[in-house]
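**Q** Here you go, target-v1.txt (compact mmCIF, C-alpha atoms and all ligand atoms):
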# COMPACT_ATOMS: atom_id res chain seq x y z
CA HIS S 1 0.00 0.00 0.00
CA THR S 2 1.13 3.56 -0.56
CA ILE S 3 -0.03 6.43 1.57
CA SER S 4 0.09 9.91 0.08
CA ILE S 5 -0.43 12.76 2.48
CA ILE S 6 -1.30 15.91 0.62
CA PRO S 7 -1.34 19.05 2.76
CA THR S 8 -3.66 21.67 1.36
CA GLY S 9 -0.97 24.35 1.54
CA GLU S 10 -0.57 27.67 3.30
CA SER S 11 -1.35 29.64 0.18
CA MET S 12 -4.97 28.54 0.22
CA LEU S 13 -7.49 30.79 1.90
CA LYS S 14 -7.74 28.64 4.98
CA SER S 15 -6.21 25.38 6.08
CA MET S 16 -8.87 22.82 5.28
CA GLY S 17 -7.23 19.67 6.65
CA THR S 18 -5.39 16.75 5.13
CA VAL S 19 -6.29 14.32 2.37
CA ILE S 20 -5.08 10.76 2.77
CA ILE S 21 -5.15 8.49 -0.27
CA LEU S 22 -4.70 4.75 0.17
CA ARG S 23 -3.92 2.79 -2.96
CA ASN S 24 -3.31 -0.90 -3.31
CA VAL S 25 -0.27 -1.37 -5.55
CA THR S 26 -0.03 -5.16 -5.34
CA SER S 27 -1.28 -5.64 -8.89
CA TYR S 28 1.20 -3.03 -10.23
CA LYS S 29 4.02 -4.87 -8.49
CA GLU S 30 2.93 -8.15 -10.04
CA LEU S 31 2.75 -6.51 -13.44
CA ASP S 32 6.18 -4.96 -13.00
CA PHE S 33 7.64 -8.29 -11.99
CA ALA S 34 6.04 -9.98 -15.02
CA LYS S 35 7.51 -7.25 -17.24
CA THR S 36 10.96 -7.72 -15.72
CA LYS S 37 10.73 -11.48 -16.27
CA PHE S 38 9.64 -10.93 -19.85
CA ILE S 39 12.63 -8.64 -20.51
CA ALA S 40 14.91 -11.26 -18.95
CA THR S 41 13.55 -14.00 -21.21
CA VAL S 42 13.69 -11.90 -24.38
CA SER S 43 17.21 -10.64 -23.76
CA HIS S 44 18.34 -14.15 -22.97
CA GLU S 45 16.80 -15.46 -26.22
CA PHE S 46 18.52 -12.68 -28.19
CA LYS S 47 21.96 -13.60 -26.98
CA THR S 48 22.50 -16.84 -28.90
CA PRO S 49 21.59 -15.60 -32.41
CA ILE S 50 23.56 -12.38 -31.91
CA ALA S 51 26.60 -14.34 -30.75
CA SER S 52 26.37 -16.53 -33.83
CA ILE S 53 26.14 -13.47 -36.13
CA LYS S 54 29.27 -12.20 -34.44
CA MET S 55 31.11 -15.45 -35.08
CA SER S 56 30.18 -15.39 -38.77
CA LEU S 57 31.34 -11.79 -39.01
CA GLN S 58 34.65 -12.76 -37.48
CA LEU S 59 35.13 -15.38 -40.22
CA LEU S 60 34.46 -12.72 -42.85
CA GLU S 61 36.71 -10.20 -41.17
CA ASN S 62 39.67 -12.60 -40.99
CA ASP S 63 39.36 -13.42 -44.70
CA GLN S 64 38.54 -17.04 -43.84
CA ILE S 65 35.77 -17.21 -46.44
CA GLY S 66 37.69 -15.33 -49.12
CA HIS S 67 39.41 -11.99 -49.60
CA LEU S 68 37.24 -8.93 -49.03
CA ASN S 69 37.76 -5.67 -50.88
CA GLU S 70 37.90 -2.36 -48.95
CA GLU S 71 34.21 -1.61 -49.44
CA GLN S 72 33.18 -5.05 -48.20
CA LYS S 73 35.53 -4.74 -45.21
CA HIS S 74 34.01 -1.41 -44.34
CA LEU S 75 30.54 -2.93 -44.43
CA VAL S 76 31.57 -5.89 -42.27
CA ASN S 77 33.13 -3.46 -39.76
CA SER S 78 29.96 -1.48 -39.52
CA ILE S 79 27.80 -4.60 -39.04
CA THR S 80 30.26 -5.72 -36.35
CA ASP S 81 29.83 -2.39 -34.55
CA ASP S 82 26.07 -2.76 -34.55
CA THR S 83 26.30 -6.37 -33.43
CA ASN S 84 28.55 -5.39 -30.53
CA ARG S 85 26.06 -2.73 -29.51
CA LEU S 86 23.22 -5.25 -29.60
CA LEU S 87 25.24 -7.68 -27.49
CA LYS S 88 26.06 -4.91 -25.00
CA ILE S 89 22.44 -3.84 -24.71
CA THR S 90 21.05 -7.37 -24.31
CA GLY S 91 23.76 -8.12 -21.73
CA GLU S 92 22.84 -4.97 -19.82
CA LEU S 93 19.13 -5.80 -19.90
CA LEU S 94 19.81 -9.29 -18.64
CA HIS S 95 21.99 -8.04 -15.82
CA MET S 96 19.57 -5.24 -14.98
CA THR S 97 16.70 -7.70 -14.59
CA GLN S 98 18.87 -9.84 -12.32
CA ALA S 99 19.66 -6.82 -10.19
CA GLU S 100 16.04 -5.64 -10.20
CA THR S 101 14.60 -8.93 -9.01
CA GLY S 102 17.22 -9.03 -6.26
CA ASN S 103 18.59 -11.98 -8.11
CA ILE S 104 22.30 -11.20 -8.27
CA GLN S 105 23.72 -14.67 -7.87
CA LEU S 106 27.31 -14.44 -6.79
CA SER S 107 29.99 -17.03 -6.91
CA VAL S 108 32.86 -15.41 -5.04
CA GLU S 109 36.18 -17.24 -5.03
CA PRO S 110 39.88 -16.39 -4.95
CA ALA S 111 40.78 -15.40 -8.52
CA ILE S 112 43.85 -14.21 -10.40
CA ALA S 113 43.36 -10.49 -10.94
CA THR S 114 45.38 -10.28 -14.17
CA ASN S 115 43.29 -13.10 -15.70
CA ILE S 116 40.07 -11.17 -15.09
CA VAL S 117 41.53 -8.06 -16.73
CA GLN S 118 42.91 -10.09 -19.63
CA TYR S 119 39.45 -11.61 -20.38
CA ALA S 120 38.00 -8.09 -20.37
CA ILE S 121 40.74 -6.79 -22.69
CA ASP S 122 40.21 -9.72 -25.09
CA ALA S 123 36.46 -9.04 -25.20
CA ASN S 124 37.22 -5.50 -26.39
CA LYS S 125 39.96 -6.41 -28.85
CA MET S 126 38.03 -5.71 -32.04
CA GLN S 127 36.58 -2.45 -30.77
CA ALA S 128 40.10 -1.26 -29.80
CA GLU S 129 41.64 -2.31 -33.12
CA GLN S 130 39.06 -0.35 -35.05
CA LYS S 131 40.18 2.87 -33.32
CA LYS S 132 43.87 1.83 -33.26
CA ILE S 133 43.79 2.04 -29.48
CA SER S 134 46.27 0.05 -27.43
CA ILE S 135 45.45 -1.30 -24.00
CA GLN S 136 48.25 -1.66 -21.48
CA LEU S 137 47.99 -3.89 -18.41
CA ASN S 138 50.30 -2.82 -15.58
CA ALA S 139 50.64 -5.20 -12.63
CA LYS S 140 53.38 -6.65 -10.45
CA HIS S 141 54.15 -10.34 -10.90
CA ASN S 142 53.58 -11.40 -7.30
CA LEU S 143 50.08 -9.98 -6.86
CA PRO S 144 47.88 -11.77 -4.34
CA LYS S 145 44.55 -13.22 -5.50
CA VAL S 146 41.37 -11.20 -5.40
CA LEU S 147 38.14 -12.41 -3.79
CA ALA S 148 35.71 -12.00 -6.66
CA ASP S 149 32.91 -13.36 -8.80
CA THR S 150 35.00 -13.80 -11.95
CA ASP S 151 32.09 -13.58 -14.43
CA LYS S 152 30.53 -10.47 -12.98
CA THR S 153 33.84 -8.70 -12.38
CA THR S 154 34.92 -9.52 -15.94
CA TRP S 155 31.63 -8.06 -17.14
CA VAL S 156 32.24 -4.87 -15.13
CA LEU S 157 35.80 -4.43 -16.42
CA THR S 158 34.67 -5.23 -19.98
CA ASN S 159 32.17 -2.39 -19.68
CA LEU S 160 34.68 0.05 -18.22
CA ILE S 161 37.19 -0.74 -20.98
CA SER S 162 34.46 -0.52 -23.63
CA ASN S 163 33.51 2.96 -22.34
CA ALA S 164 37.18 3.98 -22.19
CA ILE S 165 37.53 3.03 -25.87
CA ARG S 166 34.27 4.71 -26.81
CA TYR S 167 35.22 8.01 -25.20
CA SER S 168 38.89 7.99 -26.33
CA TYR S 169 40.33 9.41 -29.52
CA GLU S 170 41.97 7.29 -32.22
CA ASN S 171 45.49 6.00 -31.47
CA ALA S 172 45.02 6.54 -27.74
CA VAL S 173 46.47 4.33 -25.00
CA ILE S 174 44.30 2.94 -22.21
CA ASN S 175 46.11 1.90 -19.05
CA ILE S 176 44.81 -0.66 -16.60
CA ASP S 177 46.72 -0.68 -13.33
CA ILE S 178 46.27 -3.42 -10.75
CA SER S 179 47.61 -2.67 -7.29
CA VAL S 180 47.06 -3.71 -3.69
CA VAL S 181 46.32 -1.17 -0.96
CA ASN S 182 45.65 -2.40 2.59
CA LYS S 183 44.27 -5.81 1.63
CA TRP S 184 42.14 -4.37 -1.16
CA VAL S 185 42.84 -4.99 -4.84
CA HIS S 186 42.42 -1.89 -7.01
CA PHE S 187 41.71 -2.15 -10.74
CA ALA S 188 42.10 1.30 -12.32
CA VAL S 189 40.97 1.82 -15.93
CA LYS S 190 42.54 5.06 -17.17
CA ASP S 191 41.68 6.75 -20.43
CA THR S 192 42.83 10.00 -22.02
CA GLY S 193 39.46 10.72 -23.63
CA ASN S 194 37.22 13.74 -23.30
CA GLY S 195 36.49 13.25 -19.61
CA ILE S 196 33.34 14.07 -17.69
CA PRO S 197 32.23 17.53 -16.49
CA PRO S 198 32.54 17.63 -12.66
CA GLN S 199 28.85 18.42 -12.05
CA TYR S 200 27.83 15.04 -13.51
CA LEU S 201 30.25 12.78 -11.64
CA GLU S 202 27.81 12.23 -8.79
CA LYS S 203 25.04 11.03 -11.11
CA LEU S 204 27.19 8.84 -13.31
CA PHE S 205 26.25 5.57 -11.61
CA ASP S 206 22.50 6.32 -11.65
CA ARG S 207 20.35 4.15 -13.90
CA TYR S 208 19.71 5.62 -17.36
CA PHE S 209 21.97 8.61 -16.71
CA GLN S 210 23.98 9.81 -19.70
CA VAL S 211 26.09 12.97 -19.72
CA PRO S 212 24.10 15.49 -21.77
CA GLY S 213 25.54 15.78 -25.26
CA SER S 214 27.64 12.63 -24.96
CA LYS S 215 27.79 9.96 -27.69
CA LYS S 216 24.54 8.67 -29.05
CA GLY S 217 23.50 5.08 -28.48
CA GLY S 218 23.92 3.16 -25.26
CA THR S 219 21.41 2.95 -22.47
CA GLY S 220 22.96 4.67 -19.49
CA LEU S 221 22.61 1.36 -17.65
CA GLY S 222 26.15 0.03 -17.89
CA LEU S 223 27.71 1.91 -14.98
CA ALA S 224 24.64 1.45 -12.77
CA ILE S 225 24.88 -2.31 -13.20
CA CYS S 226 28.67 -2.18 -12.64
CA LYS S 227 28.06 -0.49 -9.30
CA GLU S 228 25.41 -3.01 -8.26
CA PHE S 229 27.68 -5.94 -9.15
CA ILE S 230 30.70 -4.56 -7.33
CA GLU S 231 28.79 -3.49 -4.23
CA ALA S 232 27.07 -6.89 -4.06
CA GLN S 233 30.60 -8.32 -3.66
CA GLY S 234 31.33 -5.89 -0.82
CA GLY S 235 33.51 -3.73 -3.06
CA GLN S 236 33.47 -0.20 -4.35
CA ILE S 237 33.60 1.56 -7.71
CA LEU S 238 34.92 5.11 -8.00
CA VAL S 239 35.36 7.67 -10.75
CA GLU S 240 37.79 10.54 -11.12
CA SER S 241 37.81 12.72 -14.18
CA ASP S 242 39.73 15.64 -15.52
CA TYR S 243 37.31 17.25 -17.96
CA GLY S 244 39.01 17.49 -21.34
CA ALA S 245 41.88 15.19 -20.34
CA GLY S 246 40.47 11.78 -19.38
CA SER S 247 38.84 9.62 -16.75
CA THR S 248 39.82 6.88 -14.32
CA PHE S 249 37.33 4.30 -13.10
CA THR S 250 38.55 2.22 -10.15
CA VAL S 251 37.07 -1.05 -8.97
CA ILE S 252 38.10 -2.07 -5.46
CA LEU S 253 37.62 -5.64 -4.24
CA GLN S 254 38.87 -7.58 -1.26
CA MET S 255 42.16 -9.43 -1.45
CA ALA S 256 41.83 -13.20 -0.87
CA ALA S 257 43.36 -14.53 2.34
CA GLU S 258 46.79 -16.01 1.65
P1 LIG R 301 26.12 4.20 -21.82
O1 LIG R 301 27.59 4.09 -22.18
O2 LIG R 301 25.32 3.04 -22.26
O3 LIG R 301 25.53 5.52 -22.16
P2 LIG R 301 27.06 4.01 -19.07
O4 LIG R 301 26.29 3.78 -17.82
O5 LIG R 301 28.14 3.02 -19.40
O6 LIG R 301 26.01 4.12 -20.23
O7 LIG R 301 27.72 5.43 -18.98
C1 LIG R 301 26.93 6.54 -18.57
C2 LIG R 301 27.50 7.82 -19.15
O8 LIG R 301 28.75 8.11 -18.54
C3 LIG R 301 27.79 7.75 -20.64
O9 LIG R 301 26.66 8.07 -21.38
C4 LIG R 301 28.88 8.78 -20.80
O10 LIG R 301 28.30 10.05 -20.94
C5 LIG R 301 29.62 8.74 -19.46
N1 LIG R 301 30.88 7.97 -19.51
C6 LIG R 301 31.05 6.67 -19.12
N2 LIG R 301 32.33 6.28 -19.24
C7 LIG R 301 33.00 7.36 -19.72
C8 LIG R 301 34.39 7.60 -20.06
N3 LIG R 301 35.33 6.65 -19.93
N4 LIG R 301 34.72 8.84 -20.51
C9 LIG R 301 33.78 9.80 -20.64
N5 LIG R 301 32.46 9.64 -20.34
C10 LIG R 301 32.08 8.44 -19.89
Have the structure of the file written as structure tokens, please.
**A**
Amino acid sequence: HTISIIPTGESMLKSMGTVIILRNVTSYKELDFAKTKFIATVSHEFKTPIASIKMSLQLLENDQIGHLNEEQKHLVNSITDDTNRLLKITGELLHMTQAETGNIQLSVEPAIATNIVQYAIDANKMQAEQKKISIQLNAKHNLPKVLADTDKTTWVLTNLISNAIRYSYENAVINIDISVVNKWVHFAVKDTGNGIPPQYLEKLFDRYFQVPGSKKGGTGLGLAICKEFIEAQGGQILVESDYGAGSTFTVILQMAAE
């Protein structure tokens, strides 16, 4: 039930009392849940065909079917871009529905931090190549393990790297530093892109928020889901940005006991 208390306001001629409205929202909640489940099913069903389109495109791109001329390559690149966007959006919808139904299923185990970052870099390889962007992983050899859900943390870092590429210029370098501070493992994704105006930093992790005037496309859901996934693991996600010079997104997760 919701209770709305509507005061009649001082500006009226005389105070006339209070109106209390009681509304049963059970049916709305059921409807909302059904909608969320429907979105989960549809986005799940979309994943397999999109993944298979992507595999076929990879065969074309690597000249495995035959040599492509420049025009054909250009076309394949543009279909690949759209396919990646579709995959990103369906992935976000699927994760959002999990988060919304309180259904974030975690499998937290000691994991090798550099492996997680490497999976995320590999997932963004094509996108980076298209903009001639290089991604540098900086980590000491003797790093302790991190206590993490590998799938979800890989998803988060994949998203952060994908954004870093999206908002960087051609030929840029993206640095990913892994370090340990007081039993916490820090993953910092640093880009030298256009950065984020300071007044928007606070809202960046809100659902559906996009910096006004930023690139078209996307859903504004990616960072919100990243935050939910990291906080569900007892970690933290932070952003620092120098508007006009670049941004750093840092994921902080517990170090595994040695
Ligand atoms: P989406 O990318 O789908 O719009 P996100 O939640 O991933 O949604 O990001 C929200 C907004 O934050 C983006 O629309 C963009 O304006 C801004 N943003 C995210 N990452 C970066 C980045 N590395 N550099 C600059 N702006 C960024």
**Q** Mind checking which residues fall within 12 Å of S:Thr250, counting only C-alpha atoms, ignoring those fewer than 4 positions away in the same chain, and posting them as a list in words?
**A** Val156, Leu157, Leu160, Ile161, Asn175, Ile176, Asp177, Ile178, Ser179, Trp184, Val185, His186, Phe187, Ala188, Val189, Lys190, Asp191, Leu223, Cys226, Lys227, Ile230, Gly235, Gln236, Ile237, Leu238, Val239, Glu240 and Ser241 of chain S
**Q** Quick one: residues within 12 Å of S:Ile39, only C-alpha atoms, excluding same-chain residues fewer than 4 positions away - as a list in words?
**A**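 The residues satisfying every condition are Asp32, Phe33, Ala34, Lys35, Ser43, His44, Glu45, Phe46, Ile89, Thr90, Gly91, Glu92, Leu93, Leu94, His95, Met96, Thr97, Gln98, Glu100 and Thr101 of chain S.
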**Q** Choose the residue, out of S:Asn138, S:Ala120, S:Phe205, S:Gly218, that has the smallest atom-to-atom separation from S:Asp82; count all atoms listed in the file.
**A**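 That would be S:Gly218, the residue with the smallest distance to S:Asp82.
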**Q** What does the distance from atom CA of S:Phe209 to atom CA of S:Ile104 come to in Å, to one decimal?
**A**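 Computed distance, atom CA of S:Phe209 to atom CA of S:Ile104, equals 21.5 Å.
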**Q** 6 Å from ligand LIG 301 (chain R) is the threshold here; counting all atoms listed in the file, which polymer residues fall inside it? Answer as an mmCIF file with C-alpha atoms, keeping the file's coordinate frame.
**A**
data_model
loop_
_atom_site.group_PDB
_atom_site.id
_atom_site.type_symbol
_atom_site.label_atom_id
_atom_site.label_comp_id
_atom_site.auth_asym_id
_atom_site.auth_seq_id
_atom_site.Cartn_x
_atom_site.Cartn_y
_atom_site.Cartn_z
ATOM 1 C CA ASN S 163 33.510 2.960 -22.340
ATOM 2 C CA ALA S 164 37.180 3.980 -22.190
ATOM 3 C CA TYR S 167 35.220 8.010 -25.200
ATOM 4 C CA GLY S 193 39.460 10.720 -23.630
ATOM 5 C CA ASN S 194 37.220 13.740 -23.300
ATOM 6 C CA GLY S 195 36.490 13.250 -19.610
ATOM 7 C CA ILE S 196 33.340 14.070 -17.690
ATOM 8 C CA LEU S 204 27.190 8.840 -13.310
ATOM 9 C CA PHE S 209 21.970 8.610 -16.710
ATOM 10 C CA GLN S 210 23.980 9.810 -19.700
ATOM 11 C CA VAL S 211 26.090 12.970 -19.720
ATOM 12 C CA SER S 214 27.640 12.630 -24.960
ATOM 13 C CA GLY S 218 23.920 3.160 -25.260
ATOM 14 C CA THR S 219 21.410 2.950 -22.470
ATOM 15 C CA GLY S 220 22.960 4.670 -19.490
ATOM 16 C CA LEU S 221 22.610 1.360 -17.650
ATOM 17 C CA GLY S 222 26.150 0.030 -17.890
ATOM 18 C CA LEU S 223 27.710 1.910 -14.980
ATOM 19 C CA ALA S 224 24.640 1.450 -12.770
ATOM 20 C CA SER S 247 38.840 9.620 -16.750
#
**Q** One decimal, Å: what's the distance from atom CA of S:Ala111 over to atom CA of S:Asp149, could you say?
**A** 8.1 Å
**Q** Rounded to one decimal in Å, what is the spacing between atom CA of S:Val251 and atom CA of S:Ser134?
**A**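 Interatomic distance here is 20.7 Å.
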**Q** What lies within 9 Å of stretch 67-77 of chain S using all atoms listed in the file, ignoring chain neighbours under 4 positions off, as a PyMOL selection string?
**A** chain S and resi 57-58+60-63+81-82+130
**Q** If you take every atom of stretch 212-230 of chain S that the file lists and fit an axis-aligned box around them with 6 Å extra on each side, what centre and edge lengths come out in Å to one decimal, as AutoDock Vina command-line options?
**A**
--center_x 26.1 --center_y 4.9 --center_z -18.2 --size_x 21.3 --size_y 33.7 --size_z 33.7
**Q** Which one is closest to S:Ile252: S:Asn142, S:Ser107, S:Asn171, S:Thr153? Count only C-alpha atoms.
**A**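 Among the listed residues, S:Thr153 lies closest to S:Ile252.
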**Q** Restricting the calculation to only C-alpha atoms: of S:Leu87, S:Ile165, S:Val19, S:Leu137, which residue gets closest to S:Pro49?
**A** S:Leu87
**Q** Taking only C-alpha atoms into account, name the residue in S:Ala113, S:Lys88, S:Val25, S:Leu201 that is nearest to S:Ser162.
**A**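 Ranking S:Ala113, S:Lys88, S:Val25, S:Leu201 by distance to S:Ser162, first place goes to S:Lys88.
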**Q** Between S:Gln127, S:Gln64, S:Val42, S:Val117, which has the minimum distance to S:Thr83 (counting all atoms listed in the file)?
**A**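 Using all atoms listed in the file, S:Thr83 sits closest to S:Gln127.
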**Q** Have a look at S:Ile116, S:Arg166, S:Trp155, S:Asp242 and name the one nearest to S:Lys215; count all atoms listed in the file.
**A**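 Nearest to S:Lys215: S:Arg166.
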